[in-house]
$ cat start.cif   # mmCIF, C-alpha atoms and all ligand atoms
data_query
loop_
_atom_site.label_atom_id
_atom_site.label_comp_id
_atom_site.auth_asym_id
_atom_site.auth_seq_id
_atom_site.Cartn_x
_atom_site.Cartn_y
_atom_site.Cartn_z
CA VAL A 1 -4.76 23.22 22.13
CA ASN A 2 -3.82 25.97 19.67
CA ARG A 3 -2.63 23.55 17.06
CA LYS A 4 -5.91 21.66 17.34
CA GLU A 5 -7.88 24.86 16.84
CA ASN A 6 -5.73 25.99 13.92
CA TYR A 7 -6.34 22.74 12.13
CA TYR A 8 -10.06 22.42 12.91
CA TRP A 9 -9.40 19.22 14.82
CA ASP A 10 -13.02 18.59 15.85
CA MET A 11 -14.22 18.77 12.27
CA TYR A 12 -11.40 16.46 11.16
CA GLN A 13 -12.24 13.97 13.91
CA GLN A 14 -15.90 14.02 12.89
CA ILE A 15 -15.08 13.18 9.26
CA TYR A 16 -12.72 10.48 10.49
CA GLU A 17 -15.44 8.97 12.68
CA ASP A 18 -17.98 9.11 9.86
CA ILE A 19 -15.72 7.35 7.36
CA ASN A 20 -14.80 4.63 9.83
CA SER A 21 -18.45 3.99 10.63
CA PHE A 22 -18.44 2.15 7.29
CA GLY A 23 -17.20 -1.36 7.98
CA ARG A 24 -16.35 -1.15 11.66
CA ASN A 25 -16.83 -4.57 13.29
CA GLU A 26 -17.82 -5.41 16.87
CA ASN A 27 -14.16 -5.69 17.93
CA GLY A 28 -13.40 -2.20 16.70
CA GLY A 29 -11.54 -3.50 13.65
CA MET A 30 -12.29 -2.40 10.10
CA ASP A 31 -13.89 -4.72 7.54
CA ARG A 32 -13.96 -2.40 4.56
CA LEU A 33 -12.76 -4.75 1.87
CA ALA A 34 -12.14 -3.49 -1.64
CA PHE A 35 -15.35 -2.82 -3.58
CA SER A 36 -17.51 -4.10 -0.72
CA GLU A 37 -20.76 -2.34 0.14
CA GLU A 38 -18.97 -0.61 3.04
CA ASP A 39 -16.13 0.54 0.78
CA ASN A 40 -18.58 1.88 -1.78
CA LYS A 41 -20.48 3.70 0.98
CA ALA A 42 -17.28 5.31 2.26
CA HIS A 43 -16.50 6.52 -1.28
CA ASP A 44 -20.04 7.86 -1.65
CA TYR A 45 -19.85 9.63 1.68
CA LEU A 46 -16.61 11.41 0.79
CA ALA A 47 -17.92 12.30 -2.68
CA ARG A 48 -21.06 13.83 -1.13
CA LEU A 49 -19.07 15.78 1.44
CA ALA A 50 -16.69 17.07 -1.23
CA THR A 51 -19.61 18.25 -3.37
CA GLU A 52 -21.17 20.01 -0.38
CA VAL A 53 -18.03 22.04 0.25
CA GLY A 54 -17.79 23.04 -3.40
CA PHE A 55 -15.10 20.67 -4.70
CA LEU A 56 -15.50 19.01 -8.10
CA VAL A 57 -16.12 15.28 -7.94
CA LYS A 58 -15.89 12.54 -10.54
CA GLN A 59 -15.40 8.81 -10.69
CA ASP A 60 -13.10 7.27 -13.31
CA GLY A 61 -13.39 4.01 -15.23
CA ALA A 62 -11.77 2.00 -12.41
CA ALA A 63 -14.19 3.60 -9.89
CA ASN A 64 -11.40 5.69 -8.36
CA LEU A 65 -12.67 8.94 -6.88
CA TRP A 66 -11.29 12.29 -8.10
CA ILE A 67 -11.93 15.29 -5.84
CA THR A 68 -10.67 18.62 -7.13
CA ALA A 69 -10.28 21.95 -5.38
CA LYS A 70 -9.92 24.45 -8.22
CA GLY A 71 -7.16 27.03 -8.04
CA SER A 72 -7.46 30.48 -9.57
CA ASP A 73 -4.84 29.98 -12.29
CA GLU A 74 -5.90 27.37 -14.83
CA SER A 75 -2.51 27.52 -16.56
CA LEU A 76 -0.75 25.89 -13.61
CA PRO A 77 -0.62 22.08 -13.72
CA PRO A 78 -2.51 20.62 -10.76
CA ILE A 79 -0.90 18.76 -7.87
CA TYR A 80 -2.29 15.33 -7.03
CA VAL A 81 -2.56 13.79 -3.58
CA GLY A 82 -4.11 10.49 -2.59
CA SER A 83 -4.30 7.09 -0.94
CA HIS A 84 -6.94 4.39 -0.41
CA LEU A 85 -9.96 3.68 1.84
CA ASP A 86 -10.18 -0.11 1.55
CA THR A 87 -8.83 -2.26 4.40
CA VAL A 88 -7.72 -5.82 5.10
CA PRO A 89 -10.21 -7.98 7.08
CA ASP A 90 -10.31 -6.83 10.71
CA GLY A 91 -7.82 -4.13 9.74
CA GLY A 92 -6.95 -0.78 11.26
CA ARG A 93 -8.41 2.72 11.03
CA PHE A 94 -5.35 4.40 9.55
CA ASP A 95 -3.83 2.34 6.73
CA GLY A 96 -4.82 4.36 3.65
CA THR A 97 -7.62 6.24 5.41
CA LEU A 98 -5.21 8.56 7.23
CA GLY A 99 -3.66 9.61 3.90
CA VAL A 100 -7.03 10.23 2.25
CA LEU A 101 -8.49 12.23 5.12
CA THR A 102 -5.33 14.21 5.84
CA ALA A 103 -5.24 15.26 2.20
CA PHE A 104 -8.96 16.05 2.13
CA HIS A 105 -8.76 18.15 5.28
CA ALA A 106 -5.64 19.94 4.07
CA MET A 107 -7.50 20.80 0.87
CA LEU A 108 -10.26 22.37 2.96
CA LEU A 109 -7.74 24.35 5.03
CA LEU A 110 -5.89 25.47 1.92
CA GLN A 111 -8.92 27.42 0.69
CA GLN A 112 -8.24 30.25 3.17
CA TYR A 113 -4.92 30.99 1.36
CA ALA A 114 -6.49 31.59 -2.08
CA PRO A 115 -4.62 28.82 -3.94
CA LYS A 116 -3.61 29.45 -7.54
CA ARG A 117 -2.85 25.82 -8.39
CA SER A 118 -5.60 23.20 -8.33
CA VAL A 119 -5.36 20.16 -6.06
CA THR A 120 -6.89 16.81 -6.93
CA LEU A 121 -7.35 14.07 -4.37
CA LEU A 122 -7.31 10.56 -5.82
CA VAL A 123 -8.98 7.87 -3.73
CA PHE A 124 -7.63 4.67 -5.24
CA ARG A 125 -9.66 1.48 -5.38
CA CYS A 126 -8.57 -1.92 -4.14
CA GLU A 127 -5.12 -1.16 -2.78
CA GLU A 128 -5.22 -4.21 -0.52
CA SER A 129 -4.90 -7.69 -2.01
CA SER A 130 -7.02 -9.38 0.70
CA ARG A 131 -10.24 -9.78 -1.25
CA PHE A 132 -9.09 -10.52 -4.80
CA SER A 133 -5.42 -11.53 -4.26
CA CYS A 134 -4.52 -8.59 -6.43
CA ALA A 135 -3.28 -5.25 -5.07
CA THR A 136 -3.15 -1.55 -6.09
CA ILE A 137 -5.84 -2.02 -8.75
CA GLY A 138 -6.93 1.62 -9.07
CA SER A 139 -3.42 2.98 -9.56
CA LYS A 140 -2.42 0.15 -11.90
CA ALA A 141 -5.48 0.95 -14.00
CA LEU A 142 -4.44 4.60 -14.20
CA ALA A 143 -0.93 3.54 -15.21
CA GLY A 144 -2.52 1.67 -18.11
CA ILE A 145 -1.24 -1.78 -17.19
CA LEU A 146 -4.57 -3.39 -16.31
CA HIS A 147 -6.57 -5.18 -18.96
CA GLY A 148 -10.28 -5.35 -18.24
CA ASP A 149 -10.76 -8.92 -19.36
CA ARG A 150 -8.09 -10.19 -17.02
CA LEU A 151 -10.03 -8.83 -14.05
CA LYS A 152 -12.49 -11.69 -14.54
CA GLN A 153 -9.80 -14.15 -13.35
CA TYR A 154 -9.56 -12.63 -9.90
CA GLN A 155 -12.37 -13.85 -7.67
CA ASP A 156 -13.19 -13.48 -4.00
CA ASN A 157 -14.32 -16.31 -1.70
CA ASP A 158 -17.90 -15.92 -2.94
CA ASN A 159 -16.81 -16.24 -6.60
CA ILE A 160 -17.49 -12.59 -7.31
CA SER A 161 -14.93 -11.38 -9.81
CA LEU A 162 -12.95 -8.18 -9.59
CA PHE A 163 -14.55 -7.29 -12.93
CA GLU A 164 -18.07 -7.58 -11.49
CA ALA A 165 -17.14 -5.78 -8.28
CA MET A 166 -15.64 -2.85 -10.16
CA GLU A 167 -18.65 -2.62 -12.44
CA ASN A 168 -20.98 -2.73 -9.43
CA ALA A 169 -19.12 0.25 -7.94
CA GLY A 170 -19.71 2.30 -11.09
CA GLY A 171 -16.48 1.47 -12.93
CA LYS A 172 -16.18 0.36 -16.56
CA PRO A 173 -13.73 -2.56 -16.45
CA ALA A 174 -14.62 -3.69 -19.98
CA LEU A 175 -13.03 -0.50 -21.32
CA LEU A 176 -9.67 -0.89 -19.52
CA PRO A 177 -6.97 0.07 -20.19
CA GLU A 178 -8.06 2.47 -22.99
CA GLY A 179 -10.93 3.79 -20.85
CA LEU A 180 -8.47 5.70 -18.66
CA THR A 181 -6.34 7.25 -21.40
CA GLU A 182 -7.80 10.70 -20.85
CA GLU A 183 -7.15 10.55 -17.10
CA ARG A 184 -3.60 9.33 -17.69
CA LYS A 185 -2.92 12.26 -20.02
CA LEU A 186 -4.18 14.65 -17.35
CA LEU A 187 -1.90 13.05 -14.77
CA GLU A 188 1.10 13.19 -17.11
CA LYS A 189 0.72 16.96 -17.23
CA GLY A 190 0.43 17.23 -13.44
CA PHE A 191 2.90 19.01 -11.17
CA GLY A 192 3.38 15.84 -9.12
CA PHE A 193 1.75 13.29 -6.85
CA VAL A 194 2.10 13.04 -3.05
CA GLU A 195 0.84 10.27 -0.76
CA LEU A 196 0.89 10.27 3.03
CA HIS A 197 0.70 6.85 4.68
CA ILE A 198 1.41 5.21 8.03
CA GLU A 199 4.81 3.52 8.09
CA GLN A 200 3.53 0.02 8.96
CA GLY A 201 6.92 -0.59 10.55
CA PRO A 202 8.84 0.56 13.65
CA VAL A 203 11.61 2.80 12.25
CA LEU A 204 10.06 6.26 12.70
CA GLU A 205 8.62 5.61 16.15
CA THR A 206 11.89 4.14 17.40
CA SER A 207 13.91 7.08 16.11
CA HIS A 208 11.31 9.69 17.22
CA THR A 209 10.97 11.05 13.70
CA ALA A 210 7.77 12.76 12.52
CA ILE A 211 7.99 12.23 8.77
CA GLY A 212 9.77 9.57 6.71
CA ILE A 213 10.50 10.65 3.15
CA VAL A 214 10.60 7.61 0.92
CA GLU A 215 13.25 7.51 -1.80
CA ALA A 216 12.60 4.04 -3.18
CA ILE A 217 9.95 1.35 -2.88
CA ALA A 218 11.20 -2.20 -2.65
CA ALA A 219 9.95 -4.73 -5.14
CA PRO A 220 8.98 -8.28 -4.27
CA TYR A 221 10.57 -11.28 -5.92
CA ARG A 222 8.32 -14.21 -5.19
CA ILE A 223 8.81 -17.92 -5.68
CA LYS A 224 6.51 -20.82 -4.93
CA VAL A 225 8.47 -23.82 -3.67
CA GLN A 226 7.25 -27.39 -3.77
CA VAL A 227 9.34 -29.97 -1.94
CA ASN A 228 8.67 -33.61 -2.73
CA GLY A 229 9.89 -36.58 -0.70
CA MET A 230 8.15 -39.82 0.08
CA ALA A 231 5.15 -40.20 2.37
CA ALA A 232 5.64 -43.08 4.80
CA HIS A 233 4.31 -44.66 7.99
CA SER A 234 5.60 -42.68 10.96
CA GLY A 235 6.03 -45.87 13.01
CA ALA A 236 7.22 -48.40 10.45
CA CYS A 237 9.65 -46.23 8.41
CA PRO A 238 13.10 -46.07 10.08
CA MET A 239 14.74 -42.65 10.37
CA HIS A 240 17.46 -43.35 7.80
CA HIS A 241 15.03 -44.47 5.12
CA ARG A 242 13.02 -41.30 5.10
CA ALA A 243 12.65 -38.56 2.54
CA ASP A 244 10.81 -36.17 4.86
CA ALA A 245 9.65 -33.15 2.88
CA LEU A 246 8.78 -31.13 5.99
CA THR A 247 12.14 -31.37 7.78
CA GLY A 248 13.72 -30.51 4.42
CA ALA A 249 11.42 -27.50 4.10
CA ALA A 250 12.30 -26.48 7.67
CA GLU A 251 15.99 -26.38 6.76
CA MET A 252 15.18 -24.45 3.59
CA ILE A 253 13.11 -21.88 5.49
CA LEU A 254 16.00 -21.30 7.89
CA ALA A 255 18.29 -20.82 4.89
CA VAL A 256 15.93 -18.15 3.53
CA GLU A 257 16.11 -16.33 6.87
CA ARG A 258 19.90 -16.68 7.04
CA LEU A 259 20.39 -15.16 3.59
CA GLY A 260 17.92 -12.38 4.36
CA ARG A 261 19.93 -11.52 7.47
CA GLN A 262 23.20 -11.72 5.58
CA TYR A 263 22.02 -8.95 3.22
CA ALA A 264 19.92 -7.00 5.76
CA GLU A 265 22.23 -4.01 5.71
CA GLN A 266 21.63 -3.65 2.00
CA SER A 267 17.86 -3.40 2.65
CA ILE A 268 17.06 -7.00 1.72
CA VAL A 269 14.28 -8.84 3.56
CA ALA A 270 13.36 -12.47 2.91
CA THR A 271 10.26 -14.18 4.29
CA VAL A 272 8.46 -17.50 4.22
CA GLY A 273 4.94 -16.53 5.26
CA ASN A 274 3.18 -19.83 4.90
CA CYS A 275 3.84 -23.55 4.76
CA VAL A 276 1.36 -26.20 3.72
CA VAL A 277 1.63 -29.95 4.17
CA PRO A 278 -1.03 -31.45 1.87
CA ASN A 279 -2.52 -34.55 3.51
CA GLY A 280 -0.37 -33.94 6.58
CA ALA A 281 -1.22 -36.09 9.60
CA ILE A 282 0.34 -37.05 12.91
CA ASN A 283 1.19 -40.56 11.72
CA ILE A 284 2.60 -39.78 8.25
CA VAL A 285 6.17 -38.80 7.36
CA PRO A 286 5.37 -35.77 5.14
CA GLY A 287 5.64 -36.57 1.45
CA SER A 288 5.26 -33.06 0.07
CA VAL A 289 5.30 -29.48 1.30
CA GLU A 290 4.59 -26.15 -0.34
CA PHE A 291 5.75 -22.72 0.77
CA PRO A 292 6.18 -19.30 -0.81
CA VAL A 293 9.33 -17.19 -0.57
CA ASP A 294 9.00 -13.40 -0.65
CA ILE A 295 12.28 -11.50 -1.11
CA ARG A 296 12.35 -7.70 -1.28
CA GLY A 297 14.96 -5.06 -1.89
CA ILE A 298 15.45 -1.62 -3.38
CA ASP A 299 18.37 -2.55 -5.65
CA GLY A 300 17.10 -4.65 -8.54
CA THR A 301 20.47 -6.25 -9.31
CA LEU A 302 21.13 -7.23 -5.71
CA LEU A 303 17.57 -8.52 -5.38
CA LYS A 304 18.07 -10.91 -8.29
CA GLN A 305 21.45 -11.96 -6.92
CA VAL A 306 20.02 -12.80 -3.48
CA ALA A 307 17.08 -14.62 -5.09
CA GLY A 308 19.61 -16.65 -7.07
CA GLU A 309 21.54 -17.55 -3.91
CA ILE A 310 18.36 -18.57 -2.12
CA ILE A 311 17.31 -20.78 -5.03
CA GLN A 312 20.77 -22.37 -5.04
CA GLN A 313 20.52 -23.14 -1.32
CA LEU A 314 17.06 -24.66 -1.67
CA LYS A 315 18.32 -26.96 -4.41
CA GLU A 316 21.40 -28.00 -2.41
CA ILE A 317 19.36 -28.80 0.70
CA GLY A 318 16.93 -30.80 -1.43
CA GLU A 319 19.75 -32.78 -3.05
CA LYS A 320 21.44 -33.50 0.28
CA ARG A 321 18.18 -34.87 1.67
CA GLY A 322 17.04 -36.80 -1.38
CA LEU A 323 14.12 -34.47 -2.05
CA THR A 324 13.04 -32.94 -5.33
CA VAL A 325 12.50 -29.20 -5.34
CA GLN A 326 10.19 -27.55 -7.86
CA LEU A 327 10.31 -23.78 -8.16
CA GLN A 328 7.78 -21.50 -9.75
CA LEU A 329 8.46 -17.80 -10.22
CA LEU A 330 5.38 -15.87 -9.08
CA SER A 331 6.63 -12.35 -9.64
CA ALA A 332 9.85 -10.47 -10.25
CA GLU A 333 9.11 -6.77 -10.04
CA GLU A 334 11.54 -3.90 -10.35
CA PRO A 335 12.12 -1.63 -7.35
CA VAL A 336 10.82 1.92 -7.89
CA LYS A 337 12.94 5.04 -7.45
CA LEU A 338 10.71 7.96 -6.49
CA SER A 339 10.95 11.60 -7.60
CA SER A 340 13.68 13.67 -5.96
CA LYS A 341 11.68 16.82 -6.79
CA ILE A 342 8.83 15.61 -4.60
CA ALA A 343 11.22 14.32 -1.90
CA ASP A 344 12.86 17.76 -1.77
CA LEU A 345 9.46 19.45 -1.55
CA MET A 346 8.55 17.18 1.38
CA GLU A 347 11.86 17.86 3.11
CA GLN A 348 11.54 21.64 2.72
CA THR A 349 8.01 21.40 4.10
CA CYS A 350 9.25 19.58 7.21
CA ARG A 351 11.94 22.22 7.74
CA GLU A 352 9.39 25.00 7.34
CA ILE A 353 7.02 23.63 10.00
CA GLY A 354 9.85 22.49 12.24
CA VAL A 355 9.21 18.74 12.36
CA SER A 356 11.90 16.08 12.06
CA SER A 357 12.28 14.04 8.89
CA VAL A 358 14.45 11.23 7.58
CA ARG A 359 15.05 9.76 4.13
CA MET A 360 14.14 6.08 4.00
CA ASN A 361 12.97 3.24 1.77
CA SER A 362 9.66 1.45 1.78
CA GLY A 363 9.46 -2.30 2.09
CA ALA A 364 5.74 -2.29 1.30
CA GLY A 365 4.19 -1.60 -2.08
CA GLN A 366 1.92 1.44 -2.43
CA ASP A 367 -0.23 3.13 -5.07
CA THR A 368 2.58 5.69 -5.39
CA MET A 369 4.62 3.01 -7.23
CA TYR A 370 2.23 3.20 -10.16
CA MET A 371 1.77 6.96 -9.99
CA ALA A 372 5.56 7.15 -10.36
CA GLN A 373 5.19 5.54 -13.80
CA ILE A 374 3.08 8.53 -14.88
CA LEU A 375 4.41 11.66 -13.16
CA ASP A 376 6.79 12.90 -10.43
CA ALA A 377 5.57 11.00 -7.40
CA GLY A 378 6.54 10.65 -3.76
CA ILE A 379 5.25 9.11 -0.57
CA CYS A 380 5.92 10.05 3.03
CA PHE A 381 5.34 7.98 6.14
CA VAL A 382 4.18 8.94 9.61
CA PRO A 383 4.86 6.69 12.61
CA CYS A 384 2.28 4.18 13.79
CA ILE A 385 2.35 2.85 17.32
CA LYS A 386 4.77 -0.10 17.67
CA GLY A 387 4.74 -0.41 13.89
CA ILE A 388 1.52 -2.44 14.12
CA SER A 389 -0.55 -2.51 10.94
CA HIS A 390 -3.00 -4.74 9.06
CA ASN A 391 -4.43 -5.33 12.51
CA ARG A 392 -7.30 -3.75 14.43
CA LEU A 393 -4.75 -2.57 17.01
CA GLU A 394 -3.16 -0.29 14.40
CA ASN A 395 -2.95 3.18 15.93
CA VAL A 396 -1.30 6.60 15.68
CA THR A 397 -0.97 9.36 18.26
CA GLU A 398 -2.89 12.66 18.07
CA GLU A 399 0.51 14.29 17.73
CA THR A 400 1.18 12.27 14.58
CA MET A 401 -2.22 13.16 13.13
CA LEU A 402 -1.57 16.84 13.77
CA ASP A 403 1.95 16.62 12.31
CA GLY A 404 0.47 15.01 9.22
CA LEU A 405 -2.19 17.71 8.88
CA GLU A 406 0.30 20.51 9.35
CA PHE A 407 2.70 18.87 6.91
CA MET A 408 0.11 18.33 4.18
CA THR A 409 -1.44 21.77 4.56
CA GLU A 410 1.97 23.45 4.37
CA LEU A 411 3.04 21.27 1.42
CA LEU A 412 -0.07 22.28 -0.50
CA ARG A 413 0.37 25.92 0.49
CA ARG A 414 3.98 25.90 -0.76
CA SER A 415 3.05 24.31 -4.07
CA CYS A 416 -0.29 26.02 -4.73
CA CYS A 417 0.08 29.54 -3.37
CA ARG A 418 3.74 30.44 -3.83
CA CYS A 419 3.87 29.88 -7.56
ZN ZN A 501 -2.20 1.17 2.70
#
$ encode --input "start.cif" --output "structure tokens"
Amino acid sequence: VNRKENYYWDMYQQIYEDINSFGRNENGGMDRLAFSEEDNKAHDYLARLATEVGFLVKQDGAANLWITAKGSDESLPPIYVGSHLDTVPDGGRFDGTLGVLTAFHAMLLLQQYAPKRSVTLLVFRCEESSRFSCATIGSKALAGILHGDRLKQYQDNDNISLFEAMENAGGKPALLPEGLTEERKLLEKGFGFVELHIEQGPVLETSHTAIGIVEAIAAPYRIKVQVNGMAAHSGACPMHHRADALTGAAEMILAVERLGRQYAEQSIVATVGNCVVPNGAINIVPGSVEFPVDIRGIDGTLLKQVAGEIIQQLKEIGEKRGLTVQLQLLSAEEPVKLSSKIADLMEQTCREIGVSSVRMNSGAGQDTMYMAQILDAGICFVPCIKGISHNRLENVTEETMLDGLEFMTELLRRSCCRC
């Protein structure tokens, strides 16, 4: 009860409720897709609230929200905190939103300690790839790697482009990347960037750990595989005359899993998340199949090695079965090592407030990846129940929310008041 009172729990819950009133569906899931009306309303709500409590508010050229609580000493470089408010379709209430609201509330609580250093909360746009098949847009724009014109290529199911959607939310996509040069220069001079996010996996809950301090973010290596055999009549074509693309693909998918498991201890994961049989039917021996392979790891060299072994296996299986295998590289990103300065700050904070922490890696990409290209950046995870995420059943305990609040408030106090 005391901890709740100390952290103004009721007020925090009210803000949380208000934000999640934007986009909540009848099943209790969140439909707050990037740059949707609901997403824009959530941004507006937080901007209004921030203005009311005396914080400075601005929107940048990618429509990211900047909320600043001024410290008393202008000579100190500000600390940045942040996450995102957009969700996947029928998503949860905590992915992104927990990080934004924990940071916002911690900024409010910090004011009683007369902070010297300023804090700026960044609410990134379009972290989720669900609507435009393109993720972490706001942070990529700040990192200067997003060209405005290219945003016209990404369209949602209603043929609205990412360009249009960003413009509609008050952004200036036509001016990217130069339009964010000033913001990038500000960030470069910052003290550091910290994100808090739910883990979206089971490690912390299983080990009863309050805070996971991420040291590296895994990068995806993605290939599109097309397997071609020969379509045939399922009754008339004898078993030994077949070039069945689907049974070949099945063997290939198992090989992907086998290699992923073989390197699991070195933090490799390998997944086939989809499999399409064009023109598939009950009475046709499948003539072609398409599936994507997503391989992730935190060691770039090992990642490429495993990808090479997987590709080799796919080709061998194809050859053995008389199938042709076409491979297309979709992406080959480099894993990101995060700042040890920020990791140490997070670890000291945990020690100070007496909560458990563990160093870990992240298998999922986050906005922090792109912040790390600009300044010292780090991300910490809090446990989510059963590791469930990107699902309306996503949940965290009150204990976790309070740990997060205490952690973020103390982290800001350490970095803004004791300097
Ligand atoms: Zn997220």
$ closest_residue --input "start.cif" --among "A:Val277, A:Val123, A:Leu259, A:Val306" --to "ligand ZN 501 (chain A)" --atoms "only C-alpha atoms and all ligand atoms"
A:Val123
$ residues_around --input "start.cif" --residues "A:Leu411" --least-positions-apart "5" --cutoff "8 Å" --atoms "all atoms listed in the file" --output "list of chain:residue names"
A:Leu345, A:Met346, A:Thr349
$ residues_near_point --input "start.cif" --point "(21.0, -20.8, 0.3)" --cutoff "12 Å" --atoms "all atoms listed in the file" --output "list of chain:residue names"
A:Glu251, A:Met252, A:Ile253, A:Leu254, A:Ala255, A:Val256, A:Glu257, A:Arg258, A:Leu259, A:Gly260, A:Arg261, A:Gln262, A:Ala270, A:Gln305, A:Val306, A:Ala307, A:Gly308, A:Glu309, A:Ile310, A:Ile311, A:Gln312, A:Gln313, A:Leu314, A:Lys315, A:Glu316, A:Ile317, A:Gly318
$ residues_near_ligand --input "start.cif" --ligand "ligand ZN 501 (chain A)" --cutoff "7 Å" --atoms "only C-alpha atoms and all ligand atoms" --output "number ranges by chain"
A: 84, 95-96, 127-128, 197, 366
$ atom_distance --input "start.cif" --atom1 "atom CA of A:Met401" --atom2 "atom CA of A:Val382"
8.4 Å
$ closest_atom_pairs --input "start.cif" --of "stretch 141-242 of chain A" --to "stretch 295-301 of chain A" --cutoff "7 Å" --atoms "all atoms listed in the file" --output "Markdown table"
| residue | atom | partner | partner_atom | distance |
| --- | --- | --- | --- | --- |
| A:Ala216 | CA | A:Ile298 | CA | 6.3 |
| A:Ile217 | CA | A:Ile298 | CA | 6.3 |
| A:Ala218 | CA | A:Ile298 | CA | 4.4 |
| A:Ala219 | CA | A:Arg296 | CA | 5.4 |
| A:Pro220 | CA | A:Arg296 | CA | 4.5 |
| A:Tyr221 | CA | A:Ile295 | CA | 5.1 |
| A:Arg222 | CA | A:Ile295 | CA | 6.3 |
$ closest_residue --input "start.cif" --among "A:Pro278, A:Gly179, A:Gly363, A:Gly82" --to "A:Thr120" --atoms "all atoms listed in the file"
A:Gly82
$ atom_distance --input "start.cif" --atom1 "atom CA of A:Cys380" --atom2 "atom CA of A:Val53"
26.9 Å
